[in-house]
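Participant: Got a structure here, written out as structure tokens. Questions coming.
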Amino acid sequence: MYKGKPIIGITAAFDYDKNISTLKDDYYEAIIQCGGLPVIIPVTEEKSAWVEYLDICSGFILSGGPDIDASYFGKGNMPYANEISPIRDSMEIFLTQQAIAMDKPILGICRGCQIMNIAAGGSIYQDIYSECSDGSTLLKHSQQAPRWFQIHDVNIYKPSCLYNVFGRDSLKVNSFHHQAISEIAPGFTVNACSQDGIVEAISNENKKFVLSVQWHPENLWRRDRTHLKLFERLVSVC
């Protein structure tokens, strides 16, 4: 039996035109930097593989990606929603639900934050500018700037899992999303919001480490090592 570094499974994206799973190196290099062993989980309909990944992985990262099928939170897909990835949706929701039940550590990133909330019984806005009560007052959440640029602040609440990671009440982040958490899943708490009230992080405080952030720390840690703390904490609890 393998008894080496913690194995961290990272979910991949899927290109339906080319039939390939993909993952940017920022995710797995962060895990390597923190002493973990990353394993890329390809998008597959083979449920037996999903179960085996739950067995061999010490923890998981739910990576960023496209929109989520609204049927998972009881809605129809609206015209302002974008591309969805149906096989990936079902796989990640299954992995998330099972990992939470097994108390395996999970870090959700951007889409992964929304997947975590939906898998646990919450919902999301299909487009914050269309569905929030006054979209005109929202910040720019899909930046037109390099991915390493930190475009807005988030306010971190305490006590919370996120505060325990960073030990500070605010953080500057990047932003690449138009969907966001609406109703918080049962058992979860808000850990951070942007200045316009959009939820930027949630956690299940009753679990070992179940935390999601709406920004992309994997694109920030090479220039700002502060953001590596999320990956360090994930590896350490595994």
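Simple scheme: letters A, B, ... for chains in structure tokens order, numbers from 1 for residues in each chain, numbers from 1 for ligands in the order shown.
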List every residue of stretch 93-201 of chain A that DSSP, applied to the backbone, labels as alpha helix (DSSP H), and write the result as a VMD selection string.
Facilitator: chain A and resid 93 to 101 111 to 119 128 to 131 161 to 166
Participant: Looking at A:Val210, A:Val237, A:Ile68, A:Met91, which one is nearest to A:Ala180, with distances taken over only C-alpha atoms?
Facilitator: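 Of A:Val210, A:Val237, A:Ile68, A:Met91, the one nearest A:Ala180, counting only C-alpha atoms, is A:Ile68.
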Participant: Between atom CA of A:Gly112 and atom CA of A:Ser194, measure the distance and give it in Å to one decimal.
Facilitator: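 Here the two named atoms are 17.7 Å from each other.
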Participant: Give me the residues near A:Tyr163 as a VMD selection string, where near means some atom within 12 Å (using only C-alpha atoms) and where sequence neighbours in that chain fewer than 4 positions away do not count.
Facilitator: chain A and resid 154 to 159 167 to 171 190 to 192 201 to 203 205 211 229 to 230 233
Participant: Leaving out A:Ile20 and any residue of its chain fewer than 5 positions from it, which residues lie within 10 Å of it when counting only C-alpha atoms, given as a list in words?
Facilitator: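 Returned residues: Ala12, Ala13, Phe14, Asp15, Pro42 and Val43 of chain A.
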Participant: From the list A:Ala81, A:Leu37, A:Leu95, A:Val213, which residue is nearest A:Val51 when using only C-alpha atoms?
Facilitator: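 Counting only C-alpha atoms, the residue closest to A:Val51 is A:Leu95.
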Participant: Using only C-alpha atoms for the distances, tell me which of A:Gln97, A:Thr22, A:Asn77, A:Gln150 is nearest to A:Leu54.
Facilitator: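 For A:Leu54, the nearest of the candidates is A:Gln97.
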